[in-house]
Every structure is written in structure tokens, then in C-alpha cells.
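What follows is one structure encoded as C-alpha cells, with my remarks underneath.
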Amino acid sequence: YFSEVKAKWPNVAYKDRITMKDFSKAYATAVACPLIAKPAYLKTGFVTARIWEAILFGTIPVGLSIHFGIQQYLPKQLIATDPVHLSFIIEQLSKMSLQERKKLREEVVGKIKFMDV
């Protein structure tokens, strides 16, 4: 499955798995966190806790338009339609001020509040 994902999204840098204690550093230094999911999740619209992890640890989640129902979790500007668009979104995020990023993260929190226990 991993080779399929790498072939579909060749511009994404895939790193080794990290432990919970490393999340803060990994997310805090990332421009964005693409929400790459298993085909079954994409088809059924299941979204993992990765979206909350990204927000809680300081980055911005970016979804894929092929993920069923992703619009209920993310604003349109954070949903990539293809690999080129994903690169474009990440480039735009990298140019944002901290204030703009904070506002966008707050918008995501507003959309995903229904997931918060």
C-alpha cells in the first residue's frame, strides 16, 4: 500500500513513524500535515485523530478532495484536488504570517468541534 501512496503523491516527503513524545516537535516545525488515508477511509469518510493532532501541536491539516465528506472537516482552501494543488496549498501556507495561520487553524477548530469530547 505504501508504494501506491508514494506513486500517487511523489512530492510528499515520507518520514519514519514517530512516537507520541516526538509529535510536538514534528508538527510544530511543519508547514502542513496532509491527511493521507487508507482507501477505505477515503471512501467511507472516516477521519482519524490526525486532524486534531495537527491543530493541537501547531500545524495546519490539509485534506484530499477524494476523501468523502472532507468538506465538513476543513475549509475549501485546505482541500487539495491533486498533487500539484497540494503543493500549491502548502506553498501558500508557508507564506502566511503567524496571525493568518492562527486564524486558519481557528477556522479548522470551528469545523471539527463536533469531534471534540
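Within each chain, counting starts at residue 1; across the C-alpha cells, chains are named A, B, ... in the order shown, with ligands numbered 1 upward in that order.
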Extract, using only C-alpha atoms, all DNA, RNA and protein residues at most 6 Å from Pro34 of chain A, discarding same-chain residues fewer than 2 positions from it, and format them as a VMD selection string. chain A and resid 36 61 to 63
Could you pull out the helix (DSSP H, G or I) residues of chain A from DSSP and send them as a PyMOL selection string? chain A and resi 2-8+20-28+39-44+50-56+70-72+76-78+83-94+98-115
What is the distance between atom CA of Ile79 of chain A and atom CA of Ser65 of chain A, in Å to one decimal? 5.7 Å
Of the candidates A:Leu42, A:Leu86, A:Val12, A:Ile112, which one gets nearest to Tyr73 of chain A if we count only C-alpha atoms? A:Ile112
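Closest approach to Val47 of chain A among A:Ala26, A:Met115, A:Arg105, A:Phe88 is made by A:Met115 (distances from only C-alpha atoms).
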Would you compute the distance between atom CA of Ile66 of chain A and atom CA of Phe2 of chain A? Give it in Å to one decimal. 17.5 Å
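Candidate residues A:Leu64, A:Tyr41, A:Val31, A:Ile18 were compared for distance to Pro83 of chain A, and the nearest is A:Leu64, using only C-alpha atoms.
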DSSP strand (DSSP E) residues within chain A, listed as a ChimeraX atom specification: /A:32-34,60-64,79-80
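Proximity of A:Val84, A:Cys33, A:Ala7, A:Ile60 to Lys103 of chain A, computed with only C-alpha atoms, is greatest for A:Ile60.
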Using only C-alpha atoms, which residue out of A:Ala80, A:Ala40, A:Ile70, A:Ala32 lies closest to Ile55 of chain A? A:Ala32
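When only C-alpha atoms are used to compute distances to Glu106 of chain A, the closest of the residues A:Ser87, A:Thr44, A:Thr59, A:Gln72 turns out to be A:Thr59.
Atom pair atom CA of Met20 of chain A / atom CA of Gln99 of chain A has a distance of 27.1 Å (rounded to one decimal).
Every protein or nucleic acid residue with an atom no more than 12 Å from Thr29 of chain A, counting only C-alpha atoms and leaving out same-chain residues fewer than 6 positions away, appears here: Asp22, Phe23, Ala54, Phe57, Gly58, Thr59, Ile60 and Ser94 of chain A.
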Pull N, CA and C atoms from the residues just selected and write them as a JSON list (two decimals), in the first residue's frame.
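Everything below was put into selection_2.json:
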```
[["chain", "number", "residue", "atom", "x", "y", "z"],
["A", 22, "ASP", "N", 7.38, 12.63, 20.32],
["A", 22, "ASP", "CA", 8.00, 13.38, 19.24],
["A", 22, "ASP", "C", 7.00, 14.21, 18.43],
["A", 23, "PHE", "N", 5.70, 14.04, 18.69],
["A", 23, "PHE", "CA", 4.67, 14.74, 17.92],
["A", 23, "PHE", "C", 4.84, 16.25, 17.95],
["A", 54, "ALA", "N", -2.72, 17.61, 14.42],
["A", 54, "ALA", "CA", -2.11, 18.71, 13.66],
["A", 54, "ALA", "C", -2.43, 20.05, 14.31],
["A", 57, "PHE", "N", -0.87, 20.45, 17.97],
["A", 57, "PHE", "CA", 0.59, 20.56, 18.02],
["A", 57, "PHE", "C", 1.14, 21.66, 17.11],
["A", 58, "GLY", "N", 0.26, 22.49, 16.53],
["A", 58, "GLY", "CA", 0.72, 23.71, 15.88],
["A", 58, "GLY", "C", 0.84, 23.79, 14.38],
["A", 59, "THR", "N", 0.27, 22.85, 13.65],
["A", 59, "THR", "CA", 0.34, 22.97, 12.19],
["A", 59, "THR", "C", -1.08, 22.99, 11.61],
["A", 60, "ILE", "N", -1.16, 22.96, 10.30],
["A", 60, "ILE", "CA", -2.46, 23.05, 9.62],
["A", 60, "ILE", "C", -2.71, 21.78, 8.81],
["A", 94, "SER", "N", 3.03, 28.36, 3.60],
["A", 94, "SER", "CA", 4.39, 28.73, 4.02],
["A", 94, "SER", "C", 4.62, 30.24, 3.95]]
```
